[in-house]
file coords.txt (compact mmCIF, C-alpha atoms and all ligand atoms)
# COMPACT_ATOMS: atom_id res chain seq x y z
CA MET A 13 -63.96 32.89 -32.19
CA ALA A 14 -60.57 31.29 -32.47
CA GLN A 15 -57.63 30.02 -30.50
CA VAL A 16 -54.29 31.80 -30.75
CA LYS A 17 -51.07 29.90 -30.85
CA VAL A 18 -47.52 31.13 -31.03
CA SER A 19 -44.77 28.63 -31.57
CA ARG A 20 -41.07 29.17 -30.84
CA ILE A 21 -41.16 32.94 -31.27
CA ASN A 22 -37.84 34.77 -31.11
CA LYS A 23 -37.31 38.51 -31.33
CA TYR A 24 -34.07 40.35 -30.74
CA PHE A 25 -33.50 44.10 -30.73
CA LYS A 26 -29.79 44.31 -31.53
CA ASN A 27 -28.45 41.93 -28.90
CA ILE A 28 -31.37 42.29 -26.47
CA CYS A 29 -33.57 39.23 -26.38
CA ALA A 30 -37.10 40.67 -26.12
CA VAL A 31 -38.83 37.32 -26.73
CA GLY A 32 -36.87 34.06 -26.43
CA ASP A 33 -38.29 30.90 -27.95
CA VAL A 34 -41.79 31.44 -26.55
CA SER A 35 -44.53 28.91 -27.32
CA LEU A 36 -47.95 29.66 -25.91
CA GLU A 37 -51.58 28.94 -26.68
CA ALA A 38 -54.79 30.73 -25.74
CA GLN A 39 -57.76 28.40 -26.15
CA ASP A 40 -60.86 29.43 -28.03
CA GLY A 41 -62.75 31.83 -25.75
CA GLU A 42 -60.10 31.86 -23.04
CA PHE A 43 -58.99 34.90 -21.02
CA LEU A 44 -55.22 34.34 -20.84
CA ILE A 45 -53.02 36.64 -18.78
CA LEU A 46 -49.44 37.47 -19.67
CA VAL A 47 -47.61 38.87 -16.66
CA GLY A 48 -44.05 39.87 -15.87
CA PRO A 49 -41.94 42.81 -14.78
CA SER A 50 -41.43 45.83 -17.01
CA GLY A 51 -39.16 45.07 -19.97
CA CYS A 52 -39.77 41.30 -20.00
CA GLY A 53 -41.21 41.32 -23.54
CA LYS A 54 -44.98 41.42 -22.99
CA THR A 55 -45.70 44.27 -25.40
CA THR A 56 -43.33 42.87 -28.01
CA LEU A 57 -45.08 39.50 -27.92
CA LEU A 58 -48.54 41.11 -28.27
CA ARG A 59 -47.33 43.29 -31.12
CA ILE A 60 -45.96 40.21 -32.86
CA ILE A 61 -49.35 38.50 -32.56
CA ALA A 62 -51.09 41.65 -33.84
CA GLY A 63 -48.68 41.84 -36.77
CA LEU A 64 -47.20 45.20 -35.74
CA GLU A 65 -43.80 43.63 -35.18
CA GLU A 66 -42.12 40.87 -37.16
CA PRO A 67 -40.51 38.01 -35.22
CA ASP A 68 -37.01 36.83 -36.15
CA SER A 69 -38.41 33.30 -36.17
CA GLY A 70 -41.45 31.33 -35.07
CA GLU A 71 -45.06 30.88 -36.13
CA ILE A 72 -48.25 32.74 -35.23
CA TRP A 73 -51.57 30.97 -35.65
CA VAL A 74 -55.04 32.51 -35.31
CA GLY A 75 -57.66 29.78 -35.52
CA ASP A 76 -56.35 27.35 -38.11
CA LYS A 77 -54.60 30.07 -40.11
CA LEU A 78 -50.87 30.72 -40.12
CA VAL A 79 -50.82 34.53 -40.08
CA ASN A 80 -47.10 35.34 -40.25
CA ASP A 81 -47.47 36.80 -43.73
CA ILE A 82 -50.90 38.34 -43.24
CA SER A 83 -51.09 42.10 -42.67
CA PRO A 84 -52.25 43.36 -39.24
CA ARG A 85 -55.61 44.59 -40.55
CA ASP A 86 -56.42 41.20 -42.04
CA ARG A 87 -55.50 39.16 -38.95
CA ASP A 88 -58.89 39.48 -37.29
CA VAL A 89 -57.16 40.58 -34.11
CA ALA A 90 -57.98 43.80 -32.23
CA MET A 91 -55.45 45.40 -29.89
CA VAL A 92 -56.18 47.74 -26.99
CA PHE A 93 -53.13 49.84 -26.25
CA GLN A 94 -51.78 50.93 -22.88
CA ASN A 95 -52.12 54.64 -23.70
CA TYR A 96 -55.51 54.08 -25.46
CA ALA A 97 -54.17 55.75 -28.65
CA LEU A 98 -57.44 57.61 -29.31
CA TYR A 99 -57.55 60.28 -32.03
CA PRO A 100 -57.82 63.55 -30.07
CA HIS A 101 -59.55 65.53 -32.82
CA MET A 102 -62.28 62.91 -33.38
CA SER A 103 -65.48 62.35 -31.44
CA VAL A 104 -66.05 59.15 -29.48
CA PHE A 105 -68.31 57.95 -32.30
CA ASP A 106 -65.67 58.59 -34.96
CA ASN A 107 -62.94 57.02 -32.85
CA MET A 108 -65.00 53.86 -32.59
CA ALA A 109 -66.06 53.98 -36.24
CA PHE A 110 -62.61 54.68 -37.66
CA GLY A 111 -61.40 51.08 -38.04
CA LEU A 112 -64.68 50.10 -39.71
CA LYS A 113 -64.48 53.03 -42.15
CA MET A 114 -60.95 51.99 -43.05
CA ARG A 115 -62.29 48.53 -43.80
CA LYS A 116 -64.99 50.07 -46.00
CA VAL A 117 -67.86 48.74 -43.90
CA ALA A 118 -71.23 50.20 -45.03
CA LYS A 119 -72.35 53.37 -43.25
CA THR A 120 -75.57 51.93 -41.80
CA GLU A 121 -73.67 48.89 -40.53
CA ILE A 122 -71.13 51.21 -38.85
CA GLN A 123 -73.96 53.19 -37.25
CA SER A 124 -75.60 50.14 -35.77
CA ARG A 125 -72.40 48.46 -34.57
CA VAL A 126 -71.09 51.60 -32.85
CA LYS A 127 -74.47 52.21 -31.19
CA GLU A 128 -74.69 48.62 -30.00
CA THR A 129 -71.15 48.69 -28.60
CA ALA A 130 -71.70 52.09 -26.96
CA GLN A 131 -74.72 50.63 -25.21
CA LEU A 132 -72.75 47.59 -24.07
CA LEU A 133 -70.13 49.89 -22.52
CA GLY A 134 -72.45 52.63 -21.26
CA LEU A 135 -71.06 55.21 -23.68
CA GLN A 136 -74.34 56.20 -25.41
CA SER A 137 -74.44 59.73 -24.00
CA LEU A 138 -70.78 60.40 -24.76
CA LEU A 139 -70.66 59.65 -28.49
CA GLY A 140 -70.36 63.33 -29.45
CA ARG A 141 -67.51 64.13 -27.07
CA ARG A 142 -63.79 64.42 -27.80
CA PRO A 143 -61.34 62.24 -25.80
CA LYS A 144 -60.13 65.21 -23.74
CA GLN A 145 -63.68 65.74 -22.49
CA LEU A 146 -63.69 62.24 -20.98
CA SER A 147 -62.41 60.81 -17.70
CA GLY A 148 -59.65 58.18 -17.74
CA GLY A 149 -62.18 55.40 -17.21
CA GLN A 150 -64.37 56.63 -20.07
CA ARG A 151 -61.37 56.86 -22.42
CA GLN A 152 -60.44 53.34 -21.47
CA ARG A 153 -63.94 52.17 -22.42
CA VAL A 154 -63.76 53.96 -25.76
CA ALA A 155 -60.46 52.20 -26.49
CA LEU A 156 -62.14 48.93 -25.63
CA GLY A 157 -65.17 49.85 -27.73
CA ARG A 158 -62.96 50.45 -30.71
CA ALA A 159 -61.75 46.86 -30.43
CA ILE A 160 -65.23 45.43 -29.82
CA VAL A 161 -66.95 47.08 -32.83
CA ARG A 162 -64.61 45.25 -35.13
CA ASN A 163 -66.11 41.87 -34.19
CA ALA A 164 -62.55 40.56 -34.11
CA GLN A 165 -61.82 36.93 -33.28
CA VAL A 166 -59.18 37.87 -30.75
CA PHE A 167 -58.57 40.75 -28.33
CA LEU A 168 -55.05 41.70 -27.34
CA MET A 169 -54.96 44.05 -24.36
CA ASP A 170 -51.73 45.74 -23.33
CA GLU A 171 -52.03 46.96 -19.74
CA PRO A 172 -55.38 48.61 -20.51
CA LEU A 173 -56.04 49.62 -16.89
CA SER A 174 -52.65 51.01 -15.94
CA ASN A 175 -53.68 54.66 -16.41
CA LEU A 176 -56.65 54.39 -14.05
CA ASP A 177 -56.56 55.18 -10.34
CA ALA A 178 -56.53 52.23 -7.95
CA LYS A 179 -60.25 52.16 -7.16
CA LEU A 180 -61.40 52.50 -10.76
CA ARG A 181 -58.89 49.86 -11.77
CA VAL A 182 -60.45 47.30 -9.43
CA GLN A 183 -63.94 48.17 -10.65
CA THR A 184 -62.94 48.04 -14.31
CA ARG A 185 -61.24 44.68 -13.83
CA ALA A 186 -64.54 43.18 -12.75
CA GLU A 187 -66.34 44.84 -15.68
CA LEU A 188 -63.81 43.46 -18.14
CA ILE A 189 -64.27 39.94 -16.80
CA LYS A 190 -68.06 40.27 -17.10
CA LEU A 191 -67.69 41.61 -20.62
CA HIS A 192 -65.45 38.70 -21.53
CA ARG A 193 -68.01 36.25 -20.21
CA ARG A 194 -70.67 37.93 -22.29
CA LEU A 195 -68.74 38.21 -25.55
CA GLY A 196 -66.62 35.07 -25.16
CA VAL A 197 -63.85 36.47 -27.34
CA THR A 198 -60.41 34.87 -26.94
CA THR A 199 -58.38 37.46 -25.05
CA ILE A 200 -54.70 37.83 -24.22
CA TYR A 201 -54.38 40.37 -21.45
CA VAL A 202 -51.02 41.84 -20.50
CA THR A 203 -50.19 43.29 -17.10
CA HIS A 204 -47.10 43.83 -14.93
CA ASP A 205 -49.30 43.65 -11.83
CA GLN A 206 -49.42 40.20 -10.22
CA THR A 207 -52.53 41.05 -8.17
CA GLU A 208 -54.38 41.97 -11.36
CA ALA A 209 -53.15 38.75 -12.96
CA MET A 210 -54.21 36.61 -10.01
CA THR A 211 -57.69 38.12 -9.76
CA MET A 212 -58.51 38.12 -13.48
CA GLY A 213 -56.88 35.10 -15.05
CA GLU A 214 -58.14 31.59 -15.64
CA ARG A 215 -54.60 30.83 -16.72
CA ILE A 216 -51.55 33.00 -16.27
CA ALA A 217 -48.33 32.95 -18.28
CA VAL A 218 -45.33 34.38 -16.42
CA LEU A 219 -42.51 35.94 -18.45
CA LYS A 220 -39.05 37.02 -17.36
CA ASP A 221 -36.35 38.48 -19.62
CA GLY A 222 -38.26 37.33 -22.70
CA LEU A 223 -38.46 33.74 -21.45
CA LEU A 224 -41.66 31.95 -20.49
CA GLN A 225 -41.34 30.68 -16.92
CA GLN A 226 -44.65 28.97 -16.15
CA VAL A 227 -48.23 28.79 -17.45
CA ASP A 228 -50.79 27.71 -14.86
CA ASP A 229 -53.95 28.63 -13.01
CA PRO A 230 -53.56 31.19 -10.18
CA ILE A 231 -53.62 28.68 -7.30
CA THR A 232 -51.00 26.42 -8.89
CA LEU A 233 -48.74 29.41 -9.54
CA TYR A 234 -49.13 30.48 -5.93
CA ARG A 235 -48.66 27.06 -4.34
CA HIS A 236 -46.34 25.36 -6.83
CA PRO A 237 -44.13 27.95 -8.52
CA VAL A 238 -41.57 26.25 -10.78
CA ASN A 239 -38.70 28.46 -9.71
CA GLN A 240 -37.60 31.16 -7.31
CA PHE A 241 -38.50 33.96 -9.71
CA VAL A 242 -42.16 32.89 -10.00
CA ALA A 243 -42.27 32.22 -6.26
CA GLY A 244 -41.15 35.79 -5.57
CA PHE A 245 -43.17 37.45 -8.30
CA ILE A 246 -46.55 35.94 -7.42
CA GLY A 247 -48.07 36.75 -4.03
CA SER A 248 -48.13 39.78 -1.78
CA PRO A 249 -46.23 40.53 0.40
CA THR A 250 -43.44 38.78 -1.46
CA MET A 251 -42.33 35.32 -0.33
CA ASN A 252 -39.49 35.41 2.21
CA PHE A 253 -36.22 33.96 0.96
CA LEU A 254 -33.66 32.99 3.55
CA PRO A 255 -30.12 31.70 3.01
CA VAL A 256 -29.90 28.31 4.72
CA VAL A 257 -27.81 25.16 4.84
CA VAL A 258 -29.34 21.68 4.71
CA GLN A 259 -28.17 19.48 7.60
CA ASN A 260 -28.76 15.83 8.36
CA ARG A 261 -28.91 15.10 12.07
CA ASP A 262 -30.80 13.30 14.83
CA GLY A 263 -32.53 11.16 12.22
CA GLY A 264 -34.04 14.19 10.49
CA VAL A 265 -33.22 16.80 7.86
CA TYR A 266 -32.99 20.39 9.08
CA ILE A 267 -32.49 23.72 7.42
CA GLU A 268 -30.28 26.04 9.38
CA GLY A 269 -29.93 29.74 8.84
CA LYS A 270 -29.36 32.83 10.95
CA GLY A 271 -31.74 32.54 13.88
CA ILE A 272 -33.65 29.58 12.42
CA ASN A 273 -33.33 25.84 12.72
CA LEU A 274 -36.30 24.00 11.23
CA ARG A 275 -37.04 20.38 10.54
CA LEU A 276 -38.27 19.45 7.07
CA PRO A 277 -41.36 17.24 6.72
CA GLU A 278 -40.47 13.69 5.66
CA GLU A 279 -41.74 14.05 2.08
CA PHE A 280 -39.45 17.05 1.54
CA ALA A 281 -36.46 15.64 3.40
CA SER A 282 -36.08 12.84 0.86
CA LYS A 283 -35.71 15.39 -1.96
CA VAL A 284 -32.72 17.29 -0.60
CA LYS A 285 -30.16 14.57 0.03
CA HIS A 286 -27.90 16.04 -2.68
CA LEU A 287 -27.84 19.39 -0.90
CA GLU A 288 -26.37 18.25 2.41
CA GLY A 289 -24.09 20.99 3.72
CA LYS A 290 -24.71 23.28 0.73
CA PRO A 291 -26.04 26.84 0.93
CA SER A 292 -29.58 27.02 -0.55
CA ALA A 293 -32.51 29.42 -0.63
CA PHE A 294 -35.43 28.61 1.65
CA GLY A 295 -38.81 30.19 0.87
CA ILE A 296 -41.85 30.77 3.06
CA ARG A 297 -44.81 33.07 2.39
CA PRO A 298 -45.76 35.74 4.96
CA GLN A 299 -49.19 34.02 5.09
CA ASP A 300 -47.61 30.73 6.17
CA LEU A 301 -46.06 32.15 9.34
CA TYR A 302 -48.09 32.19 12.57
CA HIS A 303 -48.08 33.89 15.93
CA HIS A 304 -47.38 31.08 18.44
CA ALA A 305 -50.56 31.83 20.40
CA ARG A 306 -52.75 31.77 17.28
CA SER A 307 -51.14 29.03 15.27
CA PRO A 308 -53.27 26.23 13.79
CA ILE A 309 -50.09 24.11 13.94
CA SER A 310 -48.82 23.37 17.42
CA ALA A 311 -45.57 25.16 18.11
CA ALA A 312 -42.54 22.96 18.70
CA ALA A 313 -38.80 23.56 18.89
CA ASP A 314 -38.30 22.27 15.34
CA ASN A 315 -40.97 24.35 13.57
CA SER A 316 -40.62 27.75 15.22
CA ALA A 317 -38.14 30.54 15.76
CA ARG A 318 -37.77 33.47 18.11
CA LEU A 319 -37.60 36.53 15.88
CA MET A 320 -37.25 40.19 16.78
CA VAL A 321 -40.21 42.44 15.88
CA ASP A 322 -38.78 45.36 13.90
CA VAL A 323 -41.75 47.19 12.32
CA VAL A 324 -45.53 46.62 12.35
CA GLU A 325 -47.74 47.81 9.47
CA PRO A 326 -51.49 47.43 10.12
CA THR A 327 -53.52 46.98 6.93
CA GLY A 328 -56.97 46.69 8.54
CA ASP A 329 -57.88 43.01 8.78
CA ASP A 330 -54.32 41.94 9.34
CA MET A 331 -50.84 43.36 9.69
CA HIS A 332 -47.50 42.98 8.02
CA VAL A 333 -44.99 42.29 10.76
CA TYR A 334 -41.37 42.89 9.78
CA LEU A 335 -39.19 40.56 11.78
CA LEU A 336 -35.47 39.97 12.05
CA ALA A 337 -33.76 36.59 12.26
CA GLU A 338 -30.48 38.09 13.48
CA ASP A 339 -30.03 40.53 10.56
CA THR A 340 -32.16 38.65 7.99
CA PRO A 341 -35.55 40.33 7.41
CA ILE A 342 -38.68 38.13 7.44
CA VAL A 343 -42.24 39.39 6.88
CA ALA A 344 -45.23 37.71 8.52
CA ASN A 345 -48.91 38.37 7.81
CA LEU A 346 -50.60 38.17 11.19
CA PRO A 347 -54.19 38.92 12.25
CA ALA A 348 -54.67 42.49 13.47
CA GLU A 349 -55.57 41.27 16.98
CA ALA A 350 -52.36 39.28 17.50
CA SER A 351 -50.33 40.72 20.32
CA VAL A 352 -47.06 41.95 18.91
CA GLU A 353 -44.64 44.44 20.39
CA VAL A 354 -42.00 46.32 18.46
CA GLY A 355 -38.52 45.72 19.81
CA GLN A 356 -39.57 42.48 21.54
CA PRO A 357 -38.92 38.89 20.45
CA LEU A 358 -41.83 36.89 19.04
CA GLU A 359 -42.20 33.13 18.77
CA VAL A 360 -43.15 32.49 15.13
CA VAL A 361 -44.43 29.13 13.84
CA PHE A 362 -43.46 28.07 10.30
CA ASP A 363 -45.96 26.01 8.31
CA MET A 364 -43.23 23.76 6.95
CA GLU A 365 -45.65 21.83 4.71
CA LYS A 366 -46.02 25.07 2.70
CA SER A 367 -42.32 25.92 2.64
CA HIS A 368 -40.04 25.80 -0.42
CA LEU A 369 -36.43 25.13 -1.22
CA PHE A 370 -34.70 26.14 -4.44
CA GLU A 371 -31.70 24.59 -6.23
CA PRO A 372 -28.66 26.75 -5.55
CA ASP A 373 -27.48 26.95 -9.19
CA THR A 374 -30.64 26.91 -11.29
CA GLU A 375 -33.10 28.43 -8.77
CA LYS A 376 -35.55 25.65 -9.74
CA THR A 377 -38.04 24.59 -7.09
CA ILE A 378 -37.14 21.39 -5.26
CA PHE A 379 -40.31 21.48 -3.16
N1 LIG B 401 -38.35 49.04 -30.80
C1 LIG B 401 -37.44 48.61 -29.92
N2 LIG B 401 -36.13 48.83 -30.11
C2 LIG B 401 -35.19 48.37 -29.23
N3 LIG B 401 -35.49 47.70 -28.12
C3 LIG B 401 -36.78 47.45 -27.83
C4 LIG B 401 -37.83 47.90 -28.72
N4 LIG B 401 -39.03 47.52 -28.20
C5 LIG B 401 -38.73 46.86 -27.05
N5 LIG B 401 -37.39 46.83 -26.83
C6 LIG B 401 -36.72 46.15 -25.71
O1 LIG B 401 -37.21 44.83 -25.62
C7 LIG B 401 -37.43 44.45 -24.29
C8 LIG B 401 -38.89 44.08 -24.09
O2 LIG B 401 -39.69 45.24 -24.20
P1 LIG B 401 -41.27 45.25 -24.05
O3 LIG B 401 -41.82 44.19 -24.93
O4 LIG B 401 -41.75 46.63 -24.29
O5 LIG B 401 -41.44 44.84 -22.53
P2 LIG B 401 -42.72 44.99 -21.56
O6 LIG B 401 -43.92 45.29 -22.39
O7 LIG B 401 -42.79 43.66 -20.87
O8 LIG B 401 -42.39 46.08 -20.60
C9 LIG B 401 -36.98 45.61 -23.44
O9 LIG B 401 -35.65 45.38 -23.06
C10 LIG B 401 -37.07 46.78 -24.37
O10 LIG B 401 -36.16 47.79 -24.02
MG MG B 402 -45.25 46.91 -22.25
call {"tool": "encode", "arguments": {"input": "coords.txt", "output": "structure tokens"}}
result
Amino acid sequence: MAQVKVSRINKYFKNICAVGDVSLEAQDGEFLILVGPSGCGKTTLLRIIAGLEEPDSGEIWVGDKLVNDISPRDRDVAMVFQNYALYPHMSVFDNMAFGLKMRKVAKTEIQSRVKETAQLLGLQSLLGRRPKQLSGGQRQRVALGRAIVRNAQVFLMDEPLSNLDAKLRVQTRAELIKLHRRLGVTTIYVTHDQTEAMTMGERIAVLKDGLLQQVDDPITLYRHPVNQFVAGFIGSPTMNFLPVVVQNRDGGVYIEGKGINLRLPEEFASKVKHLEGKPSAFGIRPQDLYHHARSPISAAADNSARLMVDVVEPTGDDMHVYLLAEDTPIVANLPAEASVEVGQPLEVVFDMEKSHLFEPDTEKTIF
């Protein structure tokens, strides 16, 4: 096993910055998630670690070895690709054995390693089949098996579940986590899906436009995002962002926007003195809004707003209620039993302790 460390990695394609000065470390045995929207540089960064792409600058360390000048096959790193990249004309056995044959591993050793891995992944009965005779989930396991047989120090996984249907994806996520616990191999796992990131990761690194935004555990990312991008990217439904102005009056600090006028808790009020009178972005998660009759926080004039119910989407346990503060849309996650009527106003309580405000210019989180 080994830790992986990249230090100040830069990679440009012409004038597009695919990876911008990224430094990141996966501890020995860690399952680190790399998440961000499509095009943010996830694949490029993984390929740089695997040695399939050369960075313009920066260092790549695997264990205590600087591997910049070491060829991909000698890096002791195994990559699982998004499209599986299986050889269509080879059997499952040969697909899994291929990398070992290339490395001139003895035949009997190949036999036993492939068999052992097939057993681990439940592929024993499929070893004679071709990829096209397999389901998506089985192909995904073969791709994984091909990485596992190599006994590599590090696994790099590039959206390995994105070709599976929703149900299988959830099931396979859990299997991957169990497998990681069992093998303990340092893994960097790439996904564009924040739900997948939140459910799988011990630590999550968020990328945007090639730049690392924040590296933290799921709860910290959710509760204390460093900027408006992370705040909006993590969590579902997305955090509400409302244009507001900070106002000092009646001995308190208020945020005023269309249809809302809310008092900030003392500990937040002291942080926004420099914003008095300036337009800013206010953030509140759909989960931190309450129906007045079911609110754990008592409703008062300075923590609630009368919003128009526009659309209601039941999801089973709860519902997504699309509200309007004049013409500004706000989504609330309310329990399915809450009484809500489309076209009628609803008194909504804001859990101000969980609210956020972002710097107008930099979009950095103030609270
Ligand atoms: N070989 C390449 N040539 C030119 N541009 C590339 C190449 N590979 C990636 N890019 C660009 O670099 C950026 C990051 O791409 P990528 O790493 O594939 O993102 P992700 O995996 O997060 O979707 C994108 O803007 C993409 O278009
Ligand atoms: Mg990609």
call {"tool": "closest_residue", "arguments": {"input": "coords.txt", "among": "A:Pro100, A:Arg125, A:Ala14, A:Thr120", "to": "Arg87 in chain A", "atoms": "all atoms listed in the file"}}
result
A:Ala14
call {"tool": "atom_distance", "arguments": {"input": "coords.txt", "atom1": "atom O9 of ligand LIG 401 (chain B)", "atom2": "CA of Glu214 in chain A"}}
result
27.4 Å
call {"tool": "atom_distance", "arguments": {"input": "coords.txt", "atom1": "CA of Gly75 in chain A", "atom2": "CA of Ala97 in chain A"}}
result
27.1 Å
call {"tool": "residues_near_ligand", "arguments": {"input": "coords.txt", "ligand": "ligand LIG 401 (chain B)", "cutoff": "9 Å", "atoms": "all atoms listed in the file", "output": "VMD selection string"}}
result
chain A and resid 23 to 26 28 to 31 47 to 59 65 170 to 171 202 to 204 219 to 222
call {"tool": "write_last_selection", "arguments": {"input": "coords.txt", "atoms": "C-alpha atoms", "output": "JSON list (two decimals), keeping the file's coordinate frame"}}
result
[["chain", "number", "residue", "atom", "x", "y", "z"],
["A", 23, "LYS", "CA", -37.31, 38.51, -31.33],
["A", 24, "TYR", "CA", -34.07, 40.35, -30.74],
["A", 25, "PHE", "CA", -33.50, 44.10, -30.73],
["A", 26, "LYS", "CA", -29.79, 44.31, -31.53],
["A", 28, "ILE", "CA", -31.37, 42.29, -26.47],
["A", 29, "CYS", "CA", -33.57, 39.23, -26.38],
["A", 30, "ALA", "CA", -37.10, 40.67, -26.12],
["A", 31, "VAL", "CA", -38.83, 37.32, -26.73],
["A", 47, "VAL", "CA", -47.61, 38.87, -16.66],
["A", 48, "GLY", "CA", -44.05, 39.87, -15.87],
["A", 49, "PRO", "CA", -41.94, 42.81, -14.78],
["A", 50, "SER", "CA", -41.43, 45.83, -17.01],
["A", 51, "GLY", "CA", -39.16, 45.07, -19.97],
["A", 52, "CYS", "CA", -39.77, 41.30, -20.00],
["A", 53, "GLY", "CA", -41.21, 41.32, -23.54],
["A", 54, "LYS", "CA", -44.98, 41.42, -22.99],
["A", 55, "THR", "CA", -45.70, 44.27, -25.40],
["A", 56, "THR", "CA", -43.33, 42.87, -28.01],
["A", 57, "LEU", "CA", -45.08, 39.50, -27.92],
["A", 58, "LEU", "CA", -48.54, 41.11, -28.27],
["A", 59, "ARG", "CA", -47.33, 43.29, -31.12],
["A", 65, "GLU", "CA", -43.80, 43.63, -35.18],
["A", 170, "ASP", "CA", -51.73, 45.74, -23.33],
["A", 171, "GLU", "CA", -52.03, 46.96, -19.74],
["A", 202, "VAL", "CA", -51.02, 41.84, -20.50],
["A", 203, "THR", "CA", -50.19, 43.29, -17.10],
["A", 204, "HIS", "CA", -47.10, 43.83, -14.93],
["A", 219, "LEU", "CA", -42.51, 35.94, -18.45],
["A", 220, "LYS", "CA", -39.05, 37.02, -17.36],
["A", 221, "ASP", "CA", -36.35, 38.48, -19.62],
["A", 222, "GLY", "CA", -38.26, 37.33, -22.70]]
call {"tool": "closest_residue", "arguments": {"input": "coords.txt", "among": "A:Ser103, A:Asn315, A:Gln15, A:Gln39", "to": "Val154 in chain A", "atoms": "only C-alpha atoms"}}
result
A:Ser103
call {"tool": "closest_atom_pairs", "arguments": {"input": "coords.txt", "of": "range 250-304 of chain A", "to": "range 225-235 of chain A", "cutoff": "12 Å", "atoms": "all atoms listed in the file", "output": "tab-separated table"}}
result
residue	atom	partner	partner_atom	distance
A:Thr250	CA	A:Tyr234	CA	11.0
A:Met251	CA	A:Tyr234	CA	10.1
A:Gly295	CA	A:Arg235	CA	11.6
A:Ile296	CA	A:Arg235	CA	10.7
A:Arg297	CA	A:Tyr234	CA	9.7
A:Gln299	CA	A:Tyr234	CA	11.6
A:Asp300	CA	A:Arg235	CA	11.2
call {"tool": "write_last_selection", "arguments": {"input": "coords.txt", "atoms": "C-alpha atoms", "output": "PDB file, in the coordinates of the input"}}
result
ATOM      1  CA  THR A 250     -43.440  38.780  -1.460  1.00  0.00           C
ATOM      2  CA  MET A 251     -42.330  35.320  -0.330  1.00  0.00           C
ATOM      3  CA  GLY A 295     -38.810  30.190   0.870  1.00  0.00           C
ATOM      4  CA  ILE A 296     -41.850  30.770   3.060  1.00  0.00           C
ATOM      5  CA  ARG A 297     -44.810  33.070   2.390  1.00  0.00           C
ATOM      6  CA  GLN A 299     -49.190  34.020   5.090  1.00  0.00           C
ATOM      7  CA  ASP A 300     -47.610  30.730   6.170  1.00  0.00           C
TER       8      ASP A 300
END
call {"tool": "closest_residue", "arguments": {"input": "coords.txt", "among": "A:Lys270, A:Asp205, A:Ser35, A:Lys190", "to": "ligand MG 402 (chain B)", "atoms": "all atoms listed in the file"}}
result
A:Asp205
call {"tool": "atom_distance", "arguments": {"input": "coords.txt", "atom1": "CA of Asn239 in chain A", "atom2": "CA of Val360 in chain A"}}
result
25.6 Å
call {"tool": "closest_residue", "arguments": {"input": "coords.txt", "among": "A:Ile216, A:Lys144, A:Thr377, A:Gln94", "to": "ligand MG 402 (chain B)", "atoms": "only C-alpha atoms and all ligand atoms"}}
result
A:Gln94
call {"tool": "residues_around", "arguments": {"input": "coords.txt", "residues": "Arg153 in chain A", "least_positions_apart": "2", "cutoff": "10 Å", "atoms": "only C-alpha atoms", "output": "ChimeraX atom specification"}}
result
/A:96,130,133-135,147-151,155-159,172-173,184,188
call {"tool": "closest_residue", "arguments": {"input": "coords.txt", "among": "A:Val238, A:Asp363, A:His101, A:Val16", "to": "Gly140 in chain A", "atoms": "only C-alpha atoms"}}
result
A:His101
call {"tool": "axis_aligned_box", "arguments": {"input": "coords.txt", "around": "range 189-200 of chain A", "padding_each_side": "3 Å", "output": "lines of an AutoDock Vina configuration file"}}
result
center_x = -62.7
center_y = 38.2
center_z = -22.1
size_x = 22.0
size_y = 12.7
size_z = 16.5
call {"tool": "closest_residue", "arguments": {"input": "coords.txt", "among": "A:Ala243, A:Ala305, A:Leu46, A:Ala217", "to": "ligand MG 402 (chain B)", "atoms": "all atoms listed in the file"}}
result
A:Leu46
call {"tool": "residues_around", "arguments": {"input": "coords.txt", "residues": "Val284 in chain A", "least_positions_apart": "3", "cutoff": "10 Å", "atoms": "all atoms listed in the file", "output": "PyMOL selection string"}}
result
chain A and resi 258-260+265+276+279-281+287-288+369-371+378-379
call {"tool": "decode", "arguments": {"input": "coords.txt", "residues": "range 345-352 of chain A", "atoms": "N, CA and C atoms", "output": "compact mmCIF listing (two decimals), in the first residue's frame"}}
result
# COMPACT_ATOMS: atom_id res chain seq x y z
N ASN A 345 -37.83 21.56 1.26
CA ASN A 345 -38.07 20.13 1.44
C ASN A 345 -38.98 19.99 2.65
N LEU A 346 -40.22 19.62 2.43
CA LEU A 346 -41.16 19.53 3.54
C LEU A 346 -41.65 18.10 3.68
N PRO A 347 -42.07 17.70 4.89
CA PRO A 347 -42.60 16.34 5.05
C PRO A 347 -43.86 16.16 4.21
N ALA A 348 -44.07 14.94 3.73
CA ALA A 348 -45.17 14.66 2.81
C ALA A 348 -46.52 15.05 3.41
N GLU A 349 -46.64 14.99 4.74
CA GLU A 349 -47.93 15.23 5.39
C GLU A 349 -48.22 16.72 5.59
N ALA A 350 -47.24 17.59 5.36
CA ALA A 350 -47.45 19.02 5.60
C ALA A 350 -48.56 19.52 4.69
N SER A 351 -49.41 20.36 5.22
CA SER A 351 -50.52 20.82 4.37
C SER A 351 -50.08 22.03 3.56
N VAL A 352 -50.08 21.81 2.26
CA VAL A 352 -49.57 22.80 1.32
C VAL A 352 -50.53 22.87 0.14
